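J.: One structure follows; several queries about it will come next.
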Amino acid sequence: MPRKRTDMKRIKDVLRLKFEVALSLRDIAKCTRLGPSTVSEILSRFKQSGLSWPLPEGLDDKSLEAMLYHGKTTNKGKRLPDFIELHKELKRPQMTKLLAWEEYCQEEPETAYRYTQFCEHYQRWLKKQKRSMRQLHKAGDKLFLDFCGPTIPIVNPDTGECRSAQIFVATLGATNYTYVEACESQKQESWLMAHVRAFDFFGGVPKLLIPDNLKAAVTRTDKHQPVLQENYARLARHYSTAIMPARPYKPKDKAKVENAVLIVERWILLRLRHKVFYTLAALNQEIRVLLDDLNNRPQRLHPGSRRELFEAIDKPALNPLPSSRYEYIDTRQAKVGPDYHVLYLKHAYSVPHQLVGERLTLEATANVVRIYHYGKQVSQHPRSHKEGGFTTLKEHMPEAHLKARWSPSRLLSWGENIGPGARKVVEQQLNSRPHPEQAIKTCLATLSLGKQYGDAQLEAACQKALLLERPHRPVILNLLKHTQGGKPPETEDIPVHHPNLRGQDYYQ
């Protein structure tokens, strides 16, 4: 280890005690707490420098050090590389410091530094180029948000399957008051609803949100004008706040949450590493206990705990919560098919038939599906979770379709003309769907089988299907094709009289 150089304040004390007080070397060493050899070296260097006491006016400590230790700080005859050009070259994908040093040596080998000193001088220059402005955070102004890197496994008690819970962290800039929550994933719905619960936890809304550039927040990253996800912008409008994503690859823009994530990983996640969780709710309940402990713990650099500072500084400055809670809206683009329906999660919803072929915007909440065309609402339906179904309004149908429409009563009448079995099959098919109109196509296909096999055989097949408790078109068609159930019911047997036939009297 190189010996640490004596600071300039002590060097000036040595010179003052020597030339003004006229003390001996040993007395100077005792007064300045330096070794006698060090005092002797300082006085010797001062003599060689050509300076006189008192020191000239305007001579600063850096200039004095350079005059006393010029032999230690400079290497005569050596030239420094062009650091600006070197820095540009090292940005090339395949460029290395070793190759740059070899090229540097080829210019003037006799004045070039060796590789170690070359790298050392470059690193010193590079550190001086970095600047970090200290950020001043106002009360209630900024909320920093991010996900932790580590996750926590949640085990399905029935199958043993594990899924990873993502840890959401939000911290206020002025007081470091922190909110932590375990989420299903980092997808948009989990991201947005975690914001909502964080606002409820703080009891107010900050003026500015500073998230990372994850996909749930930003559709296109940009240093100056990032493009926000529409749902994220809608949440900001609902809570009357603004969003300013951190610049890509600039962690200092969100240093607060980076530090909060580190604290959460140490004081919360590590404490949970030996526990097994079977539900997300159980995990969040345990996190809330540890979070309260974290926010109530005294801080080292600030007086009081995070909670005490929050109650005194941040909470009064937060904007109030809106009267209604934000509701997540899934926004998608959909094209209208020839049947004037749009598909959302495998369920079809009708729109005015004039919009066939148009691209519409679909917004779905937990209860309602709204459809827009150039910002104007053209349709609204109750949300249905039935896959393969469809929801149709009569006013969306064209005039020709309304006239050619088969009503349930018309289908029942057709089935009754074939027979009671056919009518019963139609009735059961109509009742098996949430809406009778959803079974019209199936009923038409079933009754049309009479044109190919005849009404009598169709009636017999319907009766057999009812006995099997399977009044479905595939079953009826199979009976018509392959079984005796397709034949008309036989009439009552009539005794046959013939001389070759023996009657019952023969056996008595």
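We label chains A, B, ... in the order they appear in the structure tokens, count residues from 1 in each chain, and number ligands from 1 in the order shown.
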Do a neighbour search on range 150-163 of chain A at 8 Å with only C-alpha atoms, toss out local chain neighbours closer than 4 positions, and write the hits as a list in words.

T.: Ile167, Glu265, Leu269, Arg273, Val276, Phe277, Tyr278, Thr279 and Leu280 of chain A

J.: Name the residues of range 50-240 of chain A that fall into strand (DSSP E or B) according to DSSP on the backbone, using the chain letters and numbers of this document, as an MDAnalysis selection string.

T.: chainID A and resid 142:147 152:155 162:172 178:183 205 208:210 218:220 227:228

J.: What does the distance between CA of Ala281 in chain A and CA of Asp200 in chain A come to in Å, to one decimal place?

T.: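 A separation of 17.2 Å between them.
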
J.: DSSP on the backbone, alpha helix (DSSP H) only: what residues of range 299-437 of chain A does that give? Format it as a PyMOL selection string.

T.: chain A and resi 306-309+315-317+399-403+408-418+420-431

J.: May I have the residues from that selection written out with N, CA and C atoms, as an mmCIF file, in the first residue's frame?

T.:
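Result went into out_21.cif, see below:
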```cif
data_model
loop_
_atom_site.group_PDB
_atom_site.id
_atom_site.type_symbol
_atom_site.label_atom_id
_atom_site.label_comp_id
_atom_site.auth_asym_id
_atom_site.auth_seq_id
_atom_site.Cartn_x
_atom_site.Cartn_y
_atom_site.Cartn_z
ATOM 1 N N ARG A 306 -40.243 6.681 8.845
ATOM 2 C CA ARG A 306 -40.877 7.054 7.591
ATOM 3 C C ARG A 306 -42.328 7.457 7.801
ATOM 4 N N ARG A 307 -43.017 6.728 8.658
ATOM 5 C CA ARG A 307 -44.427 7.046 8.896
ATOM 6 C C ARG A 307 -44.578 8.413 9.549
ATOM 7 N N GLU A 308 -43.737 8.733 10.516
ATOM 8 C CA GLU A 308 -43.820 10.033 11.189
ATOM 9 C C GLU A 308 -43.557 11.179 10.205
ATOM 10 N N LEU A 309 -42.554 10.996 9.351
ATOM 11 C CA LEU A 309 -42.278 12.027 8.349
ATOM 12 C C LEU A 309 -43.423 12.149 7.350
ATOM 13 N N LYS A 315 -48.286 13.650 3.626
ATOM 14 C CA LYS A 315 -49.740 13.443 3.628
ATOM 15 C C LYS A 315 -50.524 14.740 3.446
ATOM 16 N N PRO A 316 -50.176 15.839 4.144
ATOM 17 C CA PRO A 316 -50.942 17.081 3.912
ATOM 18 C C PRO A 316 -50.792 17.639 2.494
ATOM 19 N N ALA A 317 -49.719 17.272 1.793
ATOM 20 C CA ALA A 317 -49.470 17.841 0.470
ATOM 21 C C ALA A 317 -50.039 17.001 -0.665
ATOM 22 N N GLU A 399 -82.848 -4.855 -42.197
ATOM 23 C CA GLU A 399 -84.281 -5.078 -42.354
ATOM 24 C C GLU A 399 -84.570 -6.474 -42.904
ATOM 25 N N ALA A 400 -83.793 -6.920 -43.900
ATOM 26 C CA ALA A 400 -84.038 -8.231 -44.502
ATOM 27 C C ALA A 400 -83.867 -9.356 -43.490
ATOM 28 N N HIS A 401 -82.898 -9.225 -42.585
ATOM 29 C CA HIS A 401 -82.678 -10.273 -41.586
ATOM 30 C C HIS A 401 -83.804 -10.310 -40.561
ATOM 31 N N LEU A 402 -84.376 -9.163 -40.264
ATOM 32 C CA LEU A 402 -85.494 -9.144 -39.314
ATOM 33 C C LEU A 402 -86.720 -9.833 -39.894
ATOM 34 N N LYS A 403 -86.959 -9.635 -41.216
ATOM 35 C CA LYS A 403 -88.129 -10.257 -41.837
ATOM 36 C C LYS A 403 -87.957 -11.765 -41.972
ATOM 37 N N PRO A 408 -89.083 -18.409 -32.005
ATOM 38 C CA PRO A 408 -89.285 -19.684 -31.312
ATOM 39 C C PRO A 408 -90.683 -20.277 -31.533
ATOM 40 N N SER A 409 -91.702 -19.425 -31.581
ATOM 41 C CA SER A 409 -93.067 -19.947 -31.785
ATOM 42 C C SER A 409 -93.227 -20.568 -33.175
ATOM 43 N N ARG A 410 -92.556 -19.969 -34.163
ATOM 44 C CA ARG A 410 -92.633 -20.521 -35.519
ATOM 45 C C ARG A 410 -91.944 -21.882 -35.590
ATOM 46 N N LEU A 411 -90.820 -22.040 -34.913
ATOM 47 C CA LEU A 411 -90.117 -23.316 -34.888
ATOM 48 C C LEU A 411 -90.937 -24.387 -34.171
ATOM 49 N N LEU A 412 -91.574 -24.007 -33.065
ATOM 50 C CA LEU A 412 -92.420 -24.966 -32.334
ATOM 51 C C LEU A 412 -93.592 -25.419 -33.185
ATOM 52 N N SER A 413 -94.149 -24.511 -33.951
ATOM 53 C CA SER A 413 -95.264 -24.873 -34.823
ATOM 54 C C SER A 413 -94.818 -25.850 -35.905
ATOM 55 N N TRP A 414 -93.639 -25.625 -36.477
ATOM 56 C CA TRP A 414 -93.114 -26.544 -37.482
ATOM 57 C C TRP A 414 -92.886 -27.937 -36.883
ATOM 58 N N GLY A 415 -92.305 -27.975 -35.688
ATOM 59 C CA GLY A 415 -92.075 -29.262 -35.045
ATOM 60 C C GLY A 415 -93.357 -29.987 -34.718
ATOM 61 N N GLU A 416 -94.403 -29.231 -34.326
ATOM 62 C CA GLU A 416 -95.682 -29.869 -33.999
ATOM 63 C C GLU A 416 -96.322 -30.482 -35.243
ATOM 64 N N ASN A 417 -96.102 -29.885 -36.413
ATOM 65 C CA ASN A 417 -96.633 -30.460 -37.660
ATOM 66 C C ASN A 417 -95.977 -31.799 -37.975
ATOM 67 N N ILE A 418 -94.714 -31.976 -37.525
ATOM 68 C CA ILE A 418 -94.040 -33.265 -37.746
ATOM 69 C C ILE A 418 -94.510 -34.303 -36.744
ATOM 70 N N PRO A 420 -95.308 -34.887 -32.027
ATOM 71 C CA PRO A 420 -95.028 -34.429 -30.651
ATOM 72 C C PRO A 420 -93.564 -34.598 -30.266
ATOM 73 N N GLY A 421 -92.906 -35.656 -30.778
ATOM 74 C CA GLY A 421 -91.481 -35.841 -30.463
ATOM 75 C C GLY A 421 -90.627 -34.720 -31.022
ATOM 76 N N ALA A 422 -90.870 -34.335 -32.274
ATOM 77 C CA ALA A 422 -90.103 -33.248 -32.886
ATOM 78 C C ALA A 422 -90.338 -31.937 -32.165
ATOM 79 N N ARG A 423 -91.587 -31.684 -31.765
ATOM 80 C CA ARG A 423 -91.874 -30.447 -31.034
ATOM 81 C C ARG A 423 -91.137 -30.417 -29.700
ATOM 82 N N LYS A 424 -91.102 -31.574 -29.007
ATOM 83 C CA LYS A 424 -90.425 -31.636 -27.716
ATOM 84 C C LYS A 424 -88.920 -31.409 -27.885
ATOM 85 N N VAL A 425 -88.322 -31.954 -28.957
ATOM 86 C CA VAL A 425 -86.895 -31.737 -29.215
ATOM 87 C C VAL A 425 -86.611 -30.261 -29.443
ATOM 88 N N VAL A 426 -87.448 -29.579 -30.244
ATOM 89 C CA VAL A 426 -87.264 -28.145 -30.491
ATOM 90 C C VAL A 426 -87.373 -27.359 -29.190
ATOM 91 N N GLU A 427 -88.346 -27.704 -28.368
ATOM 92 C CA GLU A 427 -88.558 -26.994 -27.104
ATOM 93 C C GLU A 427 -87.341 -27.133 -26.183
ATOM 94 N N GLN A 428 -86.796 -28.367 -26.111
ATOM 95 C CA GLN A 428 -85.639 -28.571 -25.236
ATOM 96 C C GLN A 428 -84.396 -27.862 -25.773
ATOM 97 N N GLN A 429 -84.231 -27.827 -27.087
ATOM 98 C CA GLN A 429 -83.092 -27.114 -27.654
ATOM 99 C C GLN A 429 -83.184 -25.608 -27.418
ATOM 100 N N LEU A 430 -84.374 -25.049 -27.483
ATOM 101 C CA LEU A 430 -84.559 -23.622 -27.198
ATOM 102 C C LEU A 430 -84.274 -23.304 -25.735
ATOM 103 N N ASN A 431 -84.647 -24.200 -24.853
ATOM 104 C CA ASN A 431 -84.471 -23.956 -23.416
ATOM 105 C C ASN A 431 -83.041 -24.215 -22.947
#
```

J.: If we count only C-alpha atoms, what is near Thr219 in chain A at a cut-off of 9 Å, once residues fewer than 3 positions away on the same chain are taken out, given as a PyMOL selection string?

T.: chain A and resi 213-216+226-230

J.: Just the number, please: distance in Å from CA of Arg473 in chain A to CA of Ser432 in chain A, one decimal.

T.: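 These atoms are spaced 13.1 Å apart.
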
J.: Would you please work out which residue, of A:Thr175, A:Thr38, A:His396, A:Asn367, is nearest to Pro303 in chain A when using only C-alpha atoms?

T.: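 Going through A:Thr175, A:Thr38, A:His396, A:Asn367 one by one, the smallest distance to Pro303 in chain A is for A:Thr175.
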
J.: Could you check the closest approach to Glu181 in chain A for each of A:His121, A:Arg247, A:His195, A:His385 and tell me which residue wins, using only C-alpha atoms?

T.: A:His195

J.: Which residues, written as a VMD selection string, have at least one atom at most 12 Å from Ile371 in chain A, with only C-alpha atoms counted and residues fewer than 5 positions away on the same chain left out?

T.: chain A and resid 330 to 336 341 to 344 348 to 352 355 358 to 365 376 to 383

J.: Would you put the residues from that selection into a file with N, CA and C atoms, as a tab-separated table (two decimals), in the first residue's frame?

T.:
```tsv
chain	number	residue	atom	x	y	z
A	330	ASP	N	-60.14	-2.90	-20.24
A	330	ASP	CA	-59.34	-3.58	-21.26
A	330	ASP	C	-59.71	-3.01	-22.62
A	331	THR	N	-58.77	-2.36	-23.27
A	331	THR	CA	-59.00	-1.70	-24.56
A	331	THR	C	-58.36	-2.52	-25.68
A	332	ARG	N	-59.17	-2.81	-26.70
A	332	ARG	CA	-58.67	-3.58	-27.84
A	332	ARG	C	-59.27	-3.05	-29.13
A	333	GLN	N	-58.60	-3.40	-30.23
A	333	GLN	CA	-59.10	-3.08	-31.56
A	333	GLN	C	-59.75	-4.34	-32.14
A	334	ALA	N	-60.90	-4.18	-32.80
A	334	ALA	CA	-61.61	-5.33	-33.36
A	334	ALA	C	-62.21	-4.95	-34.71
A	335	LYS	N	-62.24	-5.90	-35.62
A	335	LYS	CA	-62.82	-5.69	-36.94
A	335	LYS	C	-64.20	-6.34	-36.99
A	336	VAL	N	-65.16	-5.63	-37.57
A	336	VAL	CA	-66.54	-6.12	-37.64
A	336	VAL	C	-66.63	-7.17	-38.75
A	341	HIS	N	-70.86	-8.60	-36.01
A	341	HIS	CA	-70.45	-8.85	-34.63
A	341	HIS	C	-68.94	-8.67	-34.52
A	342	VAL	N	-68.49	-8.26	-33.31
A	342	VAL	CA	-67.06	-8.22	-33.00
A	342	VAL	C	-66.79	-9.22	-31.90
A	343	LEU	N	-65.59	-9.80	-31.91
A	343	LEU	CA	-65.25	-10.87	-30.99
A	343	LEU	C	-64.37	-10.33	-29.88
A	344	TYR	N	-64.72	-10.65	-28.64
A	344	TYR	CA	-63.91	-10.29	-27.48
A	344	TYR	C	-63.88	-11.49	-26.52
A	348	ALA	N	-69.08	-13.08	-29.02
A	348	ALA	CA	-69.39	-12.10	-30.07
A	348	ALA	C	-70.45	-11.11	-29.59
A	349	TYR	N	-70.24	-9.82	-29.90
A	349	TYR	CA	-71.16	-8.75	-29.54
A	349	TYR	C	-71.55	-8.01	-30.82
A	350	SER	N	-72.83	-7.70	-30.95
A	350	SER	CA	-73.32	-7.08	-32.17
A	350	SER	C	-73.07	-5.58	-32.19
A	351	VAL	N	-72.95	-5.04	-33.41
A	351	VAL	CA	-72.84	-3.60	-33.65
A	351	VAL	C	-73.78	-3.28	-34.82
A	352	PRO	N	-74.09	-2.02	-35.07
A	352	PRO	CA	-74.93	-1.70	-36.23
A	352	PRO	C	-74.36	-2.30	-37.52
A	355	LEU	N	-71.64	-0.98	-40.06
A	355	LEU	CA	-70.21	-0.91	-39.73
A	355	LEU	C	-69.46	-2.17	-40.12
A	358	GLU	N	-65.47	-2.41	-40.70
A	358	GLU	CA	-64.78	-1.31	-40.03
A	358	GLU	C	-63.97	-1.83	-38.83
A	359	ARG	N	-62.94	-1.06	-38.47
A	359	ARG	CA	-62.16	-1.37	-37.27
A	359	ARG	C	-62.67	-0.49	-36.13
A	360	LEU	N	-63.06	-1.11	-35.03
A	360	LEU	CA	-63.66	-0.41	-33.91
A	360	LEU	C	-62.79	-0.57	-32.67
A	361	THR	N	-63.01	0.32	-31.72
A	361	THR	CA	-62.32	0.25	-30.43
A	361	THR	C	-63.28	-0.35	-29.40
A	362	LEU	N	-62.80	-1.38	-28.72
A	362	LEU	CA	-63.64	-2.09	-27.76
A	362	LEU	C	-63.06	-1.88	-26.36
A	363	GLU	N	-63.91	-1.44	-25.43
A	363	GLU	CA	-63.50	-1.23	-24.04
A	363	GLU	C	-64.35	-2.10	-23.14
A	364	ALA	N	-63.71	-2.99	-22.40
A	364	ALA	CA	-64.42	-3.95	-21.56
A	364	ALA	C	-64.04	-3.77	-20.11
A	365	THR	N	-65.05	-3.63	-19.26
A	365	THR	CA	-64.85	-3.65	-17.81
A	365	THR	C	-65.33	-4.99	-17.28
A	376	LYS	N	-66.91	7.65	-30.93
A	376	LYS	CA	-68.34	7.70	-30.65
A	376	LYS	C	-68.83	6.30	-30.29
A	377	GLN	N	-69.55	6.20	-29.18
A	377	GLN	CA	-70.05	4.90	-28.75
A	377	GLN	C	-71.18	4.45	-29.68
A	378	VAL	N	-71.03	3.25	-30.25
A	378	VAL	CA	-72.03	2.72	-31.18
A	378	VAL	C	-72.76	1.52	-30.63
A	379	SER	N	-72.24	0.94	-29.52
A	379	SER	CA	-72.90	-0.24	-28.97
A	379	SER	C	-72.46	-0.43	-27.53
A	380	GLN	N	-73.35	-1.02	-26.73
A	380	GLN	CA	-73.04	-1.36	-25.34
A	380	GLN	C	-73.78	-2.64	-24.98
A	381	HIS	N	-73.06	-3.57	-24.36
A	381	HIS	CA	-73.64	-4.87	-23.99
A	381	HIS	C	-73.21	-5.24	-22.58
A	382	PRO	N	-74.00	-6.01	-21.86
A	382	PRO	CA	-73.52	-6.57	-20.59
A	382	PRO	C	-72.41	-7.59	-20.88
A	383	ARG	N	-71.39	-7.59	-20.05
A	383	ARG	CA	-70.25	-8.49	-20.26
A	383	ARG	C	-70.68	-9.94	-20.07
```

J.: Contacts of range 142-144 of chain A at 12 Å or less, counting only C-alpha atoms, minus same-chain residues fewer than 6 places along, as a ChimeraX atom specification?

T.: /A:135-136,168-179,195,198-199,202,204-212,241-246,251-261,314,317-319

J.: May I ask which of the residues A:Arg220, A:Arg79, A:His482, A:His302 is the closest one to Gln117 in chain A, counting only C-alpha atoms?

T.: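 Of all the options, A:Arg79 lies closest to Gln117 in chain A.
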
J.: What gap, in Å, lies between CA of Ala194 in chain A and CA of Ile313 in chain A?

T.: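 Result for CA of Ala194 in chain A versus CA of Ile313 in chain A: 23.5 Å, one decimal.
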
J.: Show me, as a PyMOL selection string, the residues that have an atom within 10 Å of Leu86 in chain A when counting only C-alpha atoms, minus same-chain residues fewer than 3 positions from it.

T.: chain A and resi 81-83+89-91+97+100-101+104+122
